[in-house]
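Participant: The structure that follows is given in the form of structure tokens.
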Amino acid sequence: MTRDLPPEWDDEGLADLHRILMGQLLRFTSSPLSGTTDAGLVRGVLLPPERRGVTRVVLWDGRRLEGSVAYDVPLVHLQGDNVPWTHLIAALRQVLVHPPAPDSTDPMGIPLTDARLRMLDALDHVTFELGDALHAAASMLQPRDDPEDSGHLRLDGFLLRDYTTSRLYVTVPGTAGPLGLDVSLQDNDGRVRVGNTALMAALPSLVPDELESNRSPAEDPYAPAGVYDFTHW
């Protein structure tokens, strides 16, 4: 894969995409990315010095470093749009079901597979696991860097309610104690999803202004300020 990247992506913009993906891949350093014990743990996430627009993911089985394999994954589509980290992780998991053989080695001698085209193909039919959806739902409200900043929503906890719903526990300025926000982990066709884009965009205006119209009858001791149903978003 040698096609040049679109000119709108400079090195710093690509590095930002890499850092986002790297941060999300950290959770797979102890839990297998592929759902198996065969080279499914993340050993490293690197910026290749010889390729732009790529994140290099090094996988191993947790026992033998010499069995590591590196996979180059794309950060942007050929048309120029960036690929969400959620979709990259799911696509890489699908590629690993039948992993392509290494075709070279990286600068440190690790067997290297250029998986970019395989990844882009997988993105056309990507599927998600329940853990992907739960992680993405909780990631909608990241902890604030400044604990003294009370002007923003703050995620205090989360709980998988069932196979379709997660409850996010959120502290809201002006409320007494956390409230619970129920969000859906499936789309209208019953498929697991990780994109709550509409909810993410609307949440600052929905909370607290539109809470009453979304109140749930559910009671939750972890949410003394009440539970609110946003599963329709």
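Chain identifiers are assigned as A, B, and so on, following the order in which chains appear in the structure tokens; residues are numbered from 1 within each chain, and ligands are numbered from 1 in order of appearance.
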Quick one: contact table of region 80-116 of chain A to region 54-73 of chain A, 10 Å max, nearest atom pair and distance in Å to one decimal per residue, counting only C-alpha atoms, chain and number order, as JSON lines?
Facilitator:
{"residue": "A:Leu88", "atom": "CA", "partner": "A:Val73", "partner_atom": "CA", "distance": 7.8}
{"residue": "A:Ile89", "atom": "CA", "partner": "A:Val73", "partner_atom": "CA", "distance": 9.6}
{"residue": "A:Ala91", "atom": "CA", "partner": "A:Val73", "partner_atom": "CA", "distance": 9.5}
{"residue": "A:Leu92", "atom": "CA", "partner": "A:Val73", "partner_atom": "CA", "distance": 7.8}
{"residue": "A:Leu96", "atom": "CA", "partner": "A:Tyr71", "partner_atom": "CA", "distance": 9.8}
{"residue": "A:Pro99", "atom": "CA", "partner": "A:Tyr71", "partner_atom": "CA", "distance": 9.5}
{"residue": "A:Pro100", "atom": "CA", "partner": "A:Tyr71", "partner_atom": "CA", "distance": 9.3}
{"residue": "A:Ala101", "atom": "CA", "partner": "A:Val69", "partner_atom": "CA", "distance": 9.2}
{"residue": "A:Pro102", "atom": "CA", "partner": "A:Val69", "partner_atom": "CA", "distance": 7.5}
{"residue": "A:Ser104", "atom": "CA", "partner": "A:Ala70", "partner_atom": "CA", "distance": 9.8}
{"residue": "A:Thr105", "atom": "CA", "partner": "A:Ala70", "partner_atom": "CA", "distance": 8.3}
{"residue": "A:Asp106", "atom": "CA", "partner": "A:Ala70", "partner_atom": "CA", "distance": 7.7}
{"residue": "A:Gly109", "atom": "CA", "partner": "A:Glu66", "partner_atom": "CA", "distance": 9.9}
{"residue": "A:Ile110", "atom": "CA", "partner": "A:Val69", "partner_atom": "CA", "distance": 6.2}
{"residue": "A:Pro111", "atom": "CA", "partner": "A:Val69", "partner_atom": "CA", "distance": 5.1}
{"residue": "A:Leu112", "atom": "CA", "partner": "A:Ala70", "partner_atom": "CA", "distance": 4.7}
{"residue": "A:Thr113", "atom": "CA", "partner": "A:Tyr71", "partner_atom": "CA", "distance": 4.9}
{"residue": "A:Asp114", "atom": "CA", "partner": "A:Asp72", "partner_atom": "CA", "distance": 5.0}
{"residue": "A:Ala115", "atom": "CA", "partner": "A:Asp72", "partner_atom": "CA", "distance": 5.4}
{"residue": "A:Arg116", "atom": "CA", "partner": "A:Val73", "partner_atom": "CA", "distance": 4.9}
Participant: Grab the residues selected above and save them as a short mmCIF file (atom, residue, chain, number, x, y, z; two decimals), in the first residue's frame with C-alpha atoms.
Facilitator:
data_model
loop_
_atom_site.label_atom_id
_atom_site.label_comp_id
_atom_site.auth_asym_id
_atom_site.auth_seq_id
_atom_site.Cartn_x
_atom_site.Cartn_y
_atom_site.Cartn_z
CA LEU A 88 -10.04 0.18 14.08
CA ILE A 89 -10.00 -2.11 17.11
CA ALA A 91 -11.49 -4.40 12.35
CA LEU A 92 -8.13 -5.54 13.71
CA LEU A 96 -6.75 -11.59 13.43
CA PRO A 99 -4.05 -13.27 10.39
CA PRO A 100 -1.98 -12.48 7.29
CA ALA A 101 1.59 -13.74 7.33
CA PRO A 102 4.40 -11.26 8.05
CA SER A 104 8.98 -8.04 6.44
CA THR A 105 10.47 -7.02 9.79
CA ASP A 106 10.31 -3.76 11.70
CA GLY A 109 13.58 -7.17 13.99
CA ILE A 110 9.98 -7.99 14.90
CA PRO A 111 8.07 -9.81 12.11
CA LEU A 112 5.87 -7.20 10.45
CA THR A 113 2.59 -7.46 8.53
CA ASP A 114 1.26 -4.57 6.48
CA ALA A 115 -2.41 -5.06 7.38
CA ARG A 116 -3.67 -1.74 6.05
#
Participant: Write down as a ChimeraX atom specification the residues of region 35-223 of chain A whose backbone DSSP state falls under alpha helix (DSSP H).
Facilitator: /A:85-95,116-122,130-139,197-206
Participant: Convert the current residue selection to file output with C-alpha atoms, as an mmCIF file, in the first residue's frame.
Facilitator:
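Result written to result.cif:
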data_model
loop_
_atom_site.group_PDB
_atom_site.id
_atom_site.type_symbol
_atom_site.label_atom_id
_atom_site.label_comp_id
_atom_site.auth_asym_id
_atom_site.auth_seq_id
_atom_site.Cartn_x
_atom_site.Cartn_y
_atom_site.Cartn_z
ATOM 1 C CA TRP A 85 -10.633 4.061 17.159
ATOM 2 C CA THR A 86 -13.660 1.910 17.927
ATOM 3 C CA HIS A 87 -13.797 0.675 14.334
ATOM 4 C CA LEU A 88 -10.037 0.180 14.078
ATOM 5 C CA ILE A 89 -10.003 -2.113 17.114
ATOM 6 C CA ALA A 90 -12.980 -4.120 15.850
ATOM 7 C CA ALA A 91 -11.492 -4.396 12.351
ATOM 8 C CA LEU A 92 -8.129 -5.543 13.711
ATOM 9 C CA ARG A 93 -9.900 -8.203 15.741
ATOM 10 C CA GLN A 94 -11.583 -9.445 12.572
ATOM 11 C CA VAL A 95 -8.293 -9.485 10.648
ATOM 12 C CA ARG A 116 -3.672 -1.739 6.050
ATOM 13 C CA LEU A 117 -5.625 -3.057 3.058
ATOM 14 C CA ARG A 118 -7.032 -5.963 5.047
ATOM 15 C CA MET A 119 -8.120 -3.508 7.727
ATOM 16 C CA LEU A 120 -9.808 -1.176 5.246
ATOM 17 C CA ASP A 121 -11.677 -4.130 3.757
ATOM 18 C CA ALA A 122 -12.772 -5.280 7.221
ATOM 19 C CA LEU A 130 -20.478 -6.112 23.985
ATOM 20 C CA GLY A 131 -17.266 -5.007 25.715
ATOM 21 C CA ASP A 132 -16.597 -2.584 22.866
ATOM 22 C CA ALA A 133 -19.982 -0.955 23.337
ATOM 23 C CA LEU A 134 -19.678 -0.742 27.121
ATOM 24 C CA HIS A 135 -16.213 0.782 26.887
ATOM 25 C CA ALA A 136 -17.325 3.329 24.293
ATOM 26 C CA ALA A 137 -20.414 4.299 26.304
ATOM 27 C CA ALA A 138 -18.331 4.933 29.421
ATOM 28 C CA SER A 139 -15.777 6.839 27.332
ATOM 29 C CA THR A 197 -22.722 10.235 18.296
ATOM 30 C CA ALA A 198 -26.136 11.891 18.527
ATOM 31 C CA LEU A 199 -26.288 11.436 22.278
ATOM 32 C CA MET A 200 -22.747 12.697 22.750
ATOM 33 C CA ALA A 201 -23.541 15.871 20.850
ATOM 34 C CA ALA A 202 -26.845 16.469 22.638
ATOM 35 C CA LEU A 203 -25.904 15.464 26.176
ATOM 36 C CA PRO A 204 -24.660 18.897 27.379
ATOM 37 C CA SER A 205 -28.045 20.427 26.522
ATOM 38 C CA LEU A 206 -30.116 17.432 27.613
#
Participant: Give the strand (DSSP E or B) residues of region 39-169 of chain A, as DSSP finds them on the backbone, and put them as an mmCIF file with all heavy atoms, in the first residue's frame.
Facilitator:
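The resulting file, part_0.cif, is reproduced below:
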data_model
loop_
_atom_site.group_PDB
_atom_site.id
_atom_site.type_symbol
_atom_site.label_atom_id
_atom_site.label_comp_id
_atom_site.auth_asym_id
_atom_site.auth_seq_id
_atom_site.Cartn_x
_atom_site.Cartn_y
_atom_site.Cartn_z
ATOM 1 N N LEU A 41 -2.413 -10.471 22.972
ATOM 2 C CA LEU A 41 -2.124 -9.391 23.908
ATOM 3 C C LEU A 41 -1.297 -8.305 23.235
ATOM 4 O O LEU A 41 -0.407 -8.593 22.429
ATOM 5 C CB LEU A 41 -1.364 -9.928 25.118
ATOM 6 C CG LEU A 41 -2.089 -10.935 26.006
ATOM 7 C CD1 LEU A 41 -1.159 -11.410 27.120
ATOM 8 C CD2 LEU A 41 -3.355 -10.336 26.590
ATOM 9 N N VAL A 42 -1.608 -7.058 23.583
ATOM 10 C CA VAL A 42 -0.853 -5.941 23.020
ATOM 11 C C VAL A 42 0.469 -5.811 23.772
ATOM 12 O O VAL A 42 0.484 -5.580 24.978
ATOM 13 C CB VAL A 42 -1.658 -4.638 23.096
ATOM 14 C CG1 VAL A 42 -0.798 -3.452 22.664
ATOM 15 C CG2 VAL A 42 -2.909 -4.734 22.218
ATOM 16 N N ARG A 43 1.562 -5.954 23.039
ATOM 17 C CA ARG A 43 2.898 -5.761 23.609
ATOM 18 C C ARG A 43 3.369 -4.327 23.435
ATOM 19 O O ARG A 43 4.117 -3.793 24.272
ATOM 20 C CB ARG A 43 3.889 -6.712 22.935
ATOM 21 C CG ARG A 43 5.331 -6.528 23.394
ATOM 22 C CD ARG A 43 6.294 -7.373 22.582
ATOM 23 N NE ARG A 43 7.675 -7.015 22.881
ATOM 24 C CZ ARG A 43 8.725 -7.457 22.187
ATOM 25 N NH1 ARG A 43 8.564 -8.286 21.168
ATOM 26 N NH2 ARG A 43 9.942 -7.059 22.510
ATOM 27 N N GLY A 44 2.960 -3.695 22.361
ATOM 28 C CA GLY A 44 3.397 -2.332 22.099
ATOM 29 C C GLY A 44 2.558 -1.662 21.035
ATOM 30 O O GLY A 44 1.900 -2.317 20.220
ATOM 31 N N VAL A 45 2.552 -0.326 21.059
ATOM 32 C CA VAL A 45 1.882 0.492 20.049
ATOM 33 C C VAL A 45 2.865 1.587 19.665
ATOM 34 O O VAL A 45 3.301 2.367 20.514
ATOM 35 C CB VAL A 45 0.570 1.099 20.585
ATOM 36 C CG1 VAL A 45 -0.131 1.890 19.490
ATOM 37 C CG2 VAL A 45 -0.360 0.012 21.129
ATOM 38 N N LEU A 46 3.215 1.651 18.385
ATOM 39 C CA LEU A 46 4.332 2.480 17.949
ATOM 40 C C LEU A 46 3.956 3.341 16.751
ATOM 41 O O LEU A 46 3.055 3.001 15.980
ATOM 42 C CB LEU A 46 5.525 1.587 17.566
ATOM 43 C CG LEU A 46 5.991 0.596 18.639
ATOM 44 C CD1 LEU A 46 6.879 -0.470 18.014
ATOM 45 C CD2 LEU A 46 6.725 1.333 19.739
ATOM 46 N N VAL A 54 0.019 5.682 9.990
ATOM 47 C CA VAL A 54 -0.039 4.275 10.389
ATOM 48 C C VAL A 54 0.258 4.166 11.881
ATOM 49 O O VAL A 54 1.101 4.891 12.416
ATOM 50 C CB VAL A 54 0.983 3.441 9.595
ATOM 51 C CG1 VAL A 54 1.129 2.038 10.171
ATOM 52 C CG2 VAL A 54 0.586 3.373 8.126
ATOM 53 N N THR A 55 -0.448 3.268 12.556
ATOM 54 C CA THR A 55 -0.081 2.840 13.900
ATOM 55 C C THR A 55 0.383 1.394 13.819
ATOM 56 O O THR A 55 -0.261 0.571 13.170
ATOM 57 C CB THR A 55 -1.263 2.961 14.872
ATOM 58 O OG1 THR A 55 -1.487 4.335 15.163
ATOM 59 C CG2 THR A 55 -0.982 2.240 16.179
ATOM 60 N N ARG A 56 1.497 1.108 14.462
ATOM 61 C CA ARG A 56 2.053 -0.256 14.470
ATOM 62 C C ARG A 56 1.706 -0.920 15.799
ATOM 63 O O ARG A 56 2.124 -0.454 16.869
ATOM 64 C CB ARG A 56 3.559 -0.215 14.255
ATOM 65 C CG ARG A 56 4.235 -1.579 14.169
ATOM 66 C CD ARG A 56 5.598 -1.453 13.511
ATOM 67 N NE ARG A 56 5.466 -1.063 12.115
ATOM 68 C CZ ARG A 56 6.439 -0.515 11.383
ATOM 69 N NH1 ARG A 56 7.620 -0.262 11.933
ATOM 70 N NH2 ARG A 56 6.231 -0.193 10.116
ATOM 71 N N VAL A 57 0.912 -1.971 15.734
ATOM 72 C CA VAL A 57 0.460 -2.688 16.922
ATOM 73 C C VAL A 57 1.226 -3.999 17.016
ATOM 74 O O VAL A 57 1.151 -4.835 16.114
ATOM 75 C CB VAL A 57 -1.054 -2.963 16.865
ATOM 76 C CG1 VAL A 57 -1.518 -3.651 18.148
ATOM 77 C CG2 VAL A 57 -1.824 -1.667 16.634
ATOM 78 N N VAL A 58 1.971 -4.177 18.106
ATOM 79 C CA VAL A 58 2.762 -5.390 18.320
ATOM 80 C C VAL A 58 1.998 -6.305 19.268
ATOM 81 O O VAL A 58 1.644 -5.908 20.386
ATOM 82 C CB VAL A 58 4.150 -5.065 18.899
ATOM 83 C CG1 VAL A 58 4.973 -6.344 19.034
ATOM 84 C CG2 VAL A 58 4.869 -4.049 18.016
ATOM 85 N N LEU A 59 1.732 -7.529 18.818
ATOM 86 C CA LEU A 59 0.980 -8.498 19.606
ATOM 87 C C LEU A 59 1.862 -9.676 19.986
ATOM 88 O O LEU A 59 2.793 -10.029 19.268
ATOM 89 C CB LEU A 59 -0.232 -9.008 18.806
ATOM 90 C CG LEU A 59 -1.232 -7.948 18.332
ATOM 91 C CD1 LEU A 59 -2.346 -8.607 17.539
ATOM 92 C CD2 LEU A 59 -1.807 -7.167 19.497
ATOM 93 N N TRP A 60 1.534 -10.289 21.127
ATOM 94 C CA TRP A 60 2.236 -11.503 21.555
ATOM 95 C C TRP A 60 1.277 -12.344 22.385
ATOM 96 O O TRP A 60 0.136 -11.950 22.630
ATOM 97 C CB TRP A 60 3.510 -11.158 22.316
ATOM 98 C CG TRP A 60 3.311 -10.529 23.684
ATOM 99 C CD1 TRP A 60 2.453 -9.519 24.019
ATOM 100 C CD2 TRP A 60 3.993 -10.880 24.881
ATOM 101 N NE1 TRP A 60 2.579 -9.201 25.351
ATOM 102 C CE2 TRP A 60 3.512 -10.022 25.911
ATOM 103 C CE3 TRP A 60 4.985 -11.800 25.194
ATOM 104 C CZ2 TRP A 60 3.969 -10.092 27.213
ATOM 105 C CZ3 TRP A 60 5.443 -11.861 26.501
ATOM 106 C CH2 TRP A 60 4.947 -11.023 27.488
ATOM 107 N N VAL A 69 4.362 -10.452 16.782
ATOM 108 C CA VAL A 69 4.117 -10.041 15.397
ATOM 109 C C VAL A 69 3.566 -8.618 15.430
ATOM 110 O O VAL A 69 2.713 -8.290 16.263
ATOM 111 C CB VAL A 69 3.114 -10.967 14.685
ATOM 112 C CG1 VAL A 69 2.866 -10.476 13.260
ATOM 113 C CG2 VAL A 69 3.614 -12.405 14.667
ATOM 114 N N ALA A 70 4.065 -7.774 14.544
ATOM 115 C CA ALA A 70 3.600 -6.389 14.439
ATOM 116 C C ALA A 70 2.661 -6.245 13.239
ATOM 117 O O ALA A 70 2.879 -6.864 12.190
ATOM 118 C CB ALA A 70 4.783 -5.440 14.294
ATOM 119 N N TYR A 71 1.616 -5.447 13.439
ATOM 120 C CA TYR A 71 0.637 -5.201 12.376
ATOM 121 C C TYR A 71 0.519 -3.698 12.161
ATOM 122 O O TYR A 71 0.252 -2.944 13.108
ATOM 123 C CB TYR A 71 -0.730 -5.765 12.758
ATOM 124 C CG TYR A 71 -0.750 -7.264 12.894
ATOM 125 C CD1 TYR A 71 -0.418 -7.870 14.106
ATOM 126 C CD2 TYR A 71 -1.082 -8.089 11.824
ATOM 127 C CE1 TYR A 71 -0.417 -9.242 14.252
ATOM 128 C CE2 TYR A 71 -1.090 -9.463 11.952
ATOM 129 C CZ TYR A 71 -0.759 -10.040 13.167
ATOM 130 O OH TYR A 71 -0.752 -11.405 13.305
ATOM 131 N N ASP A 72 0.701 -3.261 10.930
ATOM 132 C CA ASP A 72 0.501 -1.859 10.585
ATOM 133 C C ASP A 72 -0.958 -1.638 10.227
ATOM 134 O O ASP A 72 -1.499 -2.293 9.317
ATOM 135 C CB ASP A 72 1.389 -1.449 9.412
ATOM 136 C CG ASP A 72 2.801 -1.123 9.859
ATOM 137 O OD1 ASP A 72 3.074 -1.205 11.067
ATOM 138 O OD2 ASP A 72 3.642 -0.801 8.989
ATOM 139 N N VAL A 73 -1.610 -0.718 10.940
ATOM 140 C CA VAL A 73 -3.026 -0.445 10.704
ATOM 141 C C VAL A 73 -3.176 1.013 10.286
ATOM 142 O O VAL A 73 -2.440 1.883 10.744
ATOM 143 C CB VAL A 73 -3.863 -0.755 11.958
ATOM 144 C CG1 VAL A 73 -3.645 -2.190 12.412
ATOM 145 C CG2 VAL A 73 -3.540 0.188 13.106
ATOM 146 N N PRO A 74 -4.138 1.308 9.409
ATOM 147 C CA PRO A 74 -4.303 2.684 8.910
ATOM 148 C C PRO A 74 -5.047 3.552 9.894
ATOM 149 O O PRO A 74 -5.939 3.091 10.612
ATOM 150 C CB PRO A 74 -5.121 2.477 7.635
ATOM 151 C CG PRO A 74 -5.970 1.275 7.950
ATOM 152 C CD PRO A 74 -5.116 0.380 8.816
ATOM 153 N N VAL A 76 -6.333 6.583 8.643
ATOM 154 C CA VAL A 76 -7.282 7.311 7.801
ATOM 155 C C VAL A 76 -7.662 6.446 6.607
ATOM 156 O O VAL A 76 -6.912 5.556 6.192
ATOM 157 C CB VAL A 76 -6.691 8.656 7.296
ATOM 158 C CG1 VAL A 76 -6.401 9.578 8.461
ATOM 159 C CG2 VAL A 76 -5.442 8.429 6.469
ATOM 160 N N ASN A 82 -10.658 10.238 8.796
ATOM 161 C CA ASN A 82 -10.038 9.424 9.827
ATOM 162 C C ASN A 82 -10.962 8.278 10.221
ATOM 163 O O ASN A 82 -12.189 8.361 10.085
ATOM 164 C CB ASN A 82 -9.685 10.266 11.051
ATOM 165 C CG ASN A 82 -10.912 10.814 11.762
ATOM 166 O OD1 ASN A 82 -11.595 11.682 11.225
ATOM 167 N ND2 ASN A 82 -11.194 10.307 12.953
ATOM 168 N N SER A 104 7.707 -8.715 6.238
ATOM 169 C CA SER A 104 8.983 -8.044 6.444
ATOM 170 C C SER A 104 9.253 -8.028 7.951
ATOM 171 O O SER A 104 8.589 -8.727 8.716
ATOM 172 C CB SER A 104 8.952 -6.613 5.877
ATOM 173 O OG SER A 104 7.946 -5.840 6.516
ATOM 174 N N THR A 105 10.202 -7.218 8.368
ATOM 175 C CA THR A 105 10.466 -7.016 9.789
ATOM 176 C C THR A 105 10.530 -5.526 10.077
ATOM 177 O O THR A 105 10.835 -4.725 9.187
ATOM 178 C CB THR A 105 11.784 -7.678 10.239
ATOM 179 O OG1 THR A 105 12.855 -7.127 9.467
ATOM 180 C CG2 THR A 105 11.733 -9.189 10.066
ATOM 181 N N PRO A 111 8.810 -9.517 13.338
ATOM 182 C CA PRO A 111 8.066 -9.807 12.111
ATOM 183 C C PRO A 111 6.914 -8.830 11.925
ATOM 184 O O PRO A 111 6.162 -8.548 12.870
ATOM 185 C CB PRO A 111 7.565 -11.235 12.334
ATOM 186 C CG PRO A 111 8.566 -11.837 13.270
ATOM 187 C CD PRO A 111 8.981 -10.712 14.183
ATOM 188 N N LEU A 112 6.797 -8.297 10.713
ATOM 189 C CA LEU A 112 5.867 -7.200 10.447
ATOM 190 C C LEU A 112 4.917 -7.551 9.319
ATOM 191 O O LEU A 112 5.340 -8.052 8.269
ATOM 192 C CB LEU A 112 6.650 -5.935 10.092
ATOM 193 C CG LEU A 112 5.845 -4.718 9.622
ATOM 194 C CD1 LEU A 112 4.909 -4.222 10.712
ATOM 195 C CD2 LEU A 112 6.788 -3.605 9.170
ATOM 196 N N THR A 113 3.633 -7.274 9.545
ATOM 197 C CA THR A 113 2.593 -7.457 8.535
ATOM 198 C C THR A 113 1.982 -6.113 8.193
ATOM 199 O O THR A 113 1.536 -5.386 9.094
ATOM 200 C CB THR A 113 1.485 -8.395 9.049
ATOM 201 O OG1 THR A 113 2.036 -9.674 9.345
ATOM 202 C CG2 THR A 113 0.390 -8.558 8.015
ATOM 203 N N ASP A 114 1.961 -5.769 6.918
ATOM 204 C CA ASP A 114 1.261 -4.568 6.484
ATOM 205 C C ASP A 114 -0.213 -4.939 6.330
ATOM 206 O O ASP A 114 -0.631 -5.494 5.316
ATOM 207 C CB ASP A 114 1.831 -4.066 5.162
ATOM 208 C CG ASP A 114 1.219 -2.726 4.741
ATOM 209 O OD1 ASP A 114 0.258 -2.278 5.402
ATOM 210 O OD2 ASP A 114 1.686 -2.137 3.749
ATOM 211 N N ARG A 154 -19.548 14.939 34.858
ATOM 212 C CA ARG A 154 -18.425 14.114 35.285
ATOM 213 C C ARG A 154 -18.884 12.665 35.446
ATOM 214 O O ARG A 154 -19.869 12.401 36.137
ATOM 215 C CB ARG A 154 -17.844 14.635 36.596
ATOM 216 C CG ARG A 154 -16.575 13.909 37.024
ATOM 217 C CD ARG A 154 -15.980 14.516 38.287
ATOM 218 N NE ARG A 154 -16.825 14.282 39.442
ATOM 219 C CZ ARG A 154 -17.243 15.234 40.267
ATOM 220 N NH1 ARG A 154 -16.899 16.492 40.051
ATOM 221 N NH2 ARG A 154 -18.015 14.951 41.304
ATOM 222 N N LEU A 155 -18.179 11.753 34.823
ATOM 223 C CA LEU A 155 -18.497 10.339 34.939
ATOM 224 C C LEU A 155 -17.971 9.801 36.260
ATOM 225 O O LEU A 155 -16.783 9.877 36.550
ATOM 226 C CB LEU A 155 -17.875 9.568 33.766
ATOM 227 C CG LEU A 155 -18.122 8.059 33.769
ATOM 228 C CD1 LEU A 155 -19.600 7.765 33.534
ATOM 229 C CD2 LEU A 155 -17.275 7.385 32.676
ATOM 230 N N ASP A 156 -18.868 9.245 37.081
ATOM 231 C CA ASP A 156 -18.495 8.696 38.371
ATOM 232 C C ASP A 156 -18.532 7.170 38.399
ATOM 233 O O ASP A 156 -18.019 6.552 39.332
ATOM 234 C CB ASP A 156 -19.434 9.221 39.459
ATOM 235 C CG ASP A 156 -19.247 10.706 39.713
ATOM 236 O OD1 ASP A 156 -18.099 11.174 39.634
ATOM 237 O OD2 ASP A 156 -20.243 11.398 39.967
ATOM 238 N N GLY A 157 -19.172 6.556 37.416
ATOM 239 C CA GLY A 157 -19.249 5.102 37.389
ATOM 240 C C GLY A 157 -20.099 4.632 36.229
ATOM 241 O O GLY A 157 -20.715 5.432 35.518
ATOM 242 N N PHE A 158 -20.122 3.334 36.020
ATOM 243 C CA PHE A 158 -20.981 2.766 34.984
ATOM 244 C C PHE A 158 -21.289 1.323 35.350
ATOM 245 O O PHE A 158 -20.558 0.682 36.114
ATOM 246 C CB PHE A 158 -20.312 2.833 33.599
ATOM 247 C CG PHE A 158 -19.030 2.047 33.493
ATOM 248 C CD1 PHE A 158 -19.029 0.727 33.073
ATOM 249 C CD2 PHE A 158 -17.817 2.639 33.819
ATOM 250 C CE1 PHE A 158 -17.846 0.003 32.986
ATOM 251 C CE2 PHE A 158 -16.623 1.929 33.732
ATOM 252 C CZ PHE A 158 -16.646 0.603 33.311
ATOM 253 N N LEU A 159 -22.394 0.815 34.822
ATOM 254 C CA LEU A 159 -22.802 -0.556 35.100
ATOM 255 C C LEU A 159 -23.556 -1.108 33.902
ATOM 256 O O LEU A 159 -24.493 -0.467 33.396
ATOM 257 C CB LEU A 159 -23.702 -0.605 36.339
ATOM 258 C CG LEU A 159 -24.230 -1.984 36.748
ATOM 259 C CD1 LEU A 159 -23.071 -2.866 37.220
ATOM 260 C CD2 LEU A 159 -25.288 -1.863 37.837
ATOM 261 N N LEU A 160 -23.145 -2.279 33.436
ATOM 262 C CA LEU A 160 -23.886 -2.975 32.386
ATOM 263 C C LEU A 160 -25.193 -3.487 32.995
ATOM 264 O O LEU A 160 -25.183 -4.336 33.892
ATOM 265 C CB LEU A 160 -23.048 -4.135 31.845
ATOM 266 C CG LEU A 160 -23.654 -4.929 30.690
ATOM 267 C CD1 LEU A 160 -23.757 -4.057 29.447
ATOM 268 C CD2 LEU A 160 -22.811 -6.164 30.399
ATOM 269 N N THR A 165 -28.155 -2.476 27.449
ATOM 270 C CA THR A 165 -28.187 -1.174 28.107
ATOM 271 C C THR A 165 -27.055 -1.016 29.116
ATOM 272 O O THR A 165 -26.750 -1.942 29.868
ATOM 273 C CB THR A 165 -29.525 -0.968 28.845
ATOM 274 O OG1 THR A 165 -30.602 -1.200 27.949
ATOM 275 C CG2 THR A 165 -29.631 0.447 29.402
ATOM 276 N N SER A 166 -26.453 0.168 29.126
ATOM 277 C CA SER A 166 -25.485 0.536 30.162
ATOM 278 C C SER A 166 -26.012 1.750 30.912
ATOM 279 O O SER A 166 -26.657 2.627 30.321
ATOM 280 C CB SER A 166 -24.129 0.871 29.529
ATOM 281 O OG SER A 166 -23.218 1.341 30.518
ATOM 282 N N ARG A 167 -25.754 1.784 32.218
ATOM 283 C CA ARG A 167 -26.112 2.953 33.020
ATOM 284 C C ARG A 167 -24.841 3.717 33.369
ATOM 285 O O ARG A 167 -23.906 3.153 33.948
ATOM 286 C CB ARG A 167 -26.859 2.555 34.298
ATOM 287 C CG ARG A 167 -27.295 3.746 35.156
ATOM 288 C CD ARG A 167 -28.318 3.317 36.202
ATOM 289 N NE ARG A 167 -29.547 2.862 35.548
ATOM 290 C CZ ARG A 167 -30.513 2.167 36.171
ATOM 291 N NH1 ARG A 167 -30.381 1.870 37.450
ATOM 292 N NH2 ARG A 167 -31.593 1.787 35.504
ATOM 293 N N LEU A 168 -24.813 4.983 32.984
ATOM 294 C CA LEU A 168 -23.692 5.852 33.294
ATOM 295 C C LEU A 168 -24.063 6.699 34.507
ATOM 296 O O LEU A 168 -25.126 7.334 34.524
ATOM 297 C CB LEU A 168 -23.372 6.766 32.106
ATOM 298 C CG LEU A 168 -23.154 6.095 30.757
ATOM 299 C CD1 LEU A 168 -22.846 7.164 29.704
ATOM 300 C CD2 LEU A 168 -22.053 5.064 30.818
ATOM 301 N N TYR A 169 -23.200 6.708 35.506
ATOM 302 C CA TYR A 169 -23.440 7.501 36.715
ATOM 303 C C TYR A 169 -22.676 8.818 36.568
ATOM 304 O O TYR A 169 -21.452 8.819 36.434
ATOM 305 C CB TYR A 169 -23.007 6.723 37.951
ATOM 306 C CG TYR A 169 -23.824 5.470 38.158
ATOM 307 C CD1 TYR A 169 -23.404 4.261 37.617
ATOM 308 C CD2 TYR A 169 -25.016 5.514 38.865
ATOM 309 C CE1 TYR A 169 -24.160 3.111 37.787
ATOM 310 C CE2 TYR A 169 -25.779 4.369 39.048
ATOM 311 C CZ TYR A 169 -25.352 3.170 38.504
ATOM 312 O OH TYR A 169 -26.109 2.029 38.668
#
Participant: From the set A:Arg161, A:Ser31, A:Leu14, A:Asp229, which residue has the shortest atom-to-atom contact distance to Ser213 (chain A), counting only C-alpha atoms?
Facilitator: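 Selected residue with least distance to Ser213 (chain A): A:Asp229.
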Participant: Between CA of Asp182 (chain A) and CA of Ser216 (chain A), measure the distance and give it in Å to one decimal.
Facilitator: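 Interatomic distance here is 8.9 Å.
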Participant: For each of A:Asp187, A:Asp81, A:Glu50, A:Glu129, take the minimum atom-to-atom distance to Pro107 (chain A), counting only C-alpha atoms, then give the residue where this is smallest.
Facilitator: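 So, comparing all the options, the nearest one is A:Glu50.
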Participant: Which residues of region 25-139 of chain A come within 9 Å of region 9-13 of chain A, and for each one, what is the closest pair of atoms and their distance in Å to one decimal, counting only C-alpha atoms, sorted by chain and residue number, as JSON lines?
Facilitator:
{"residue": "A:Arg52", "atom": "CA", "partner": "A:Asp11", "partner_atom": "CA", "distance": 7.7}
{"residue": "A:Gly53", "atom": "CA", "partner": "A:Asp11", "partner_atom": "CA", "distance": 8.1}
{"residue": "A:Gly80", "atom": "CA", "partner": "A:Trp9", "partner_atom": "CA", "distance": 7.9}
Participant: Which one is closest to Pro224 (chain A): A:Leu153, A:Leu78, A:Leu47, A:Leu179? Count only C-alpha atoms.
Facilitator: A:Leu179
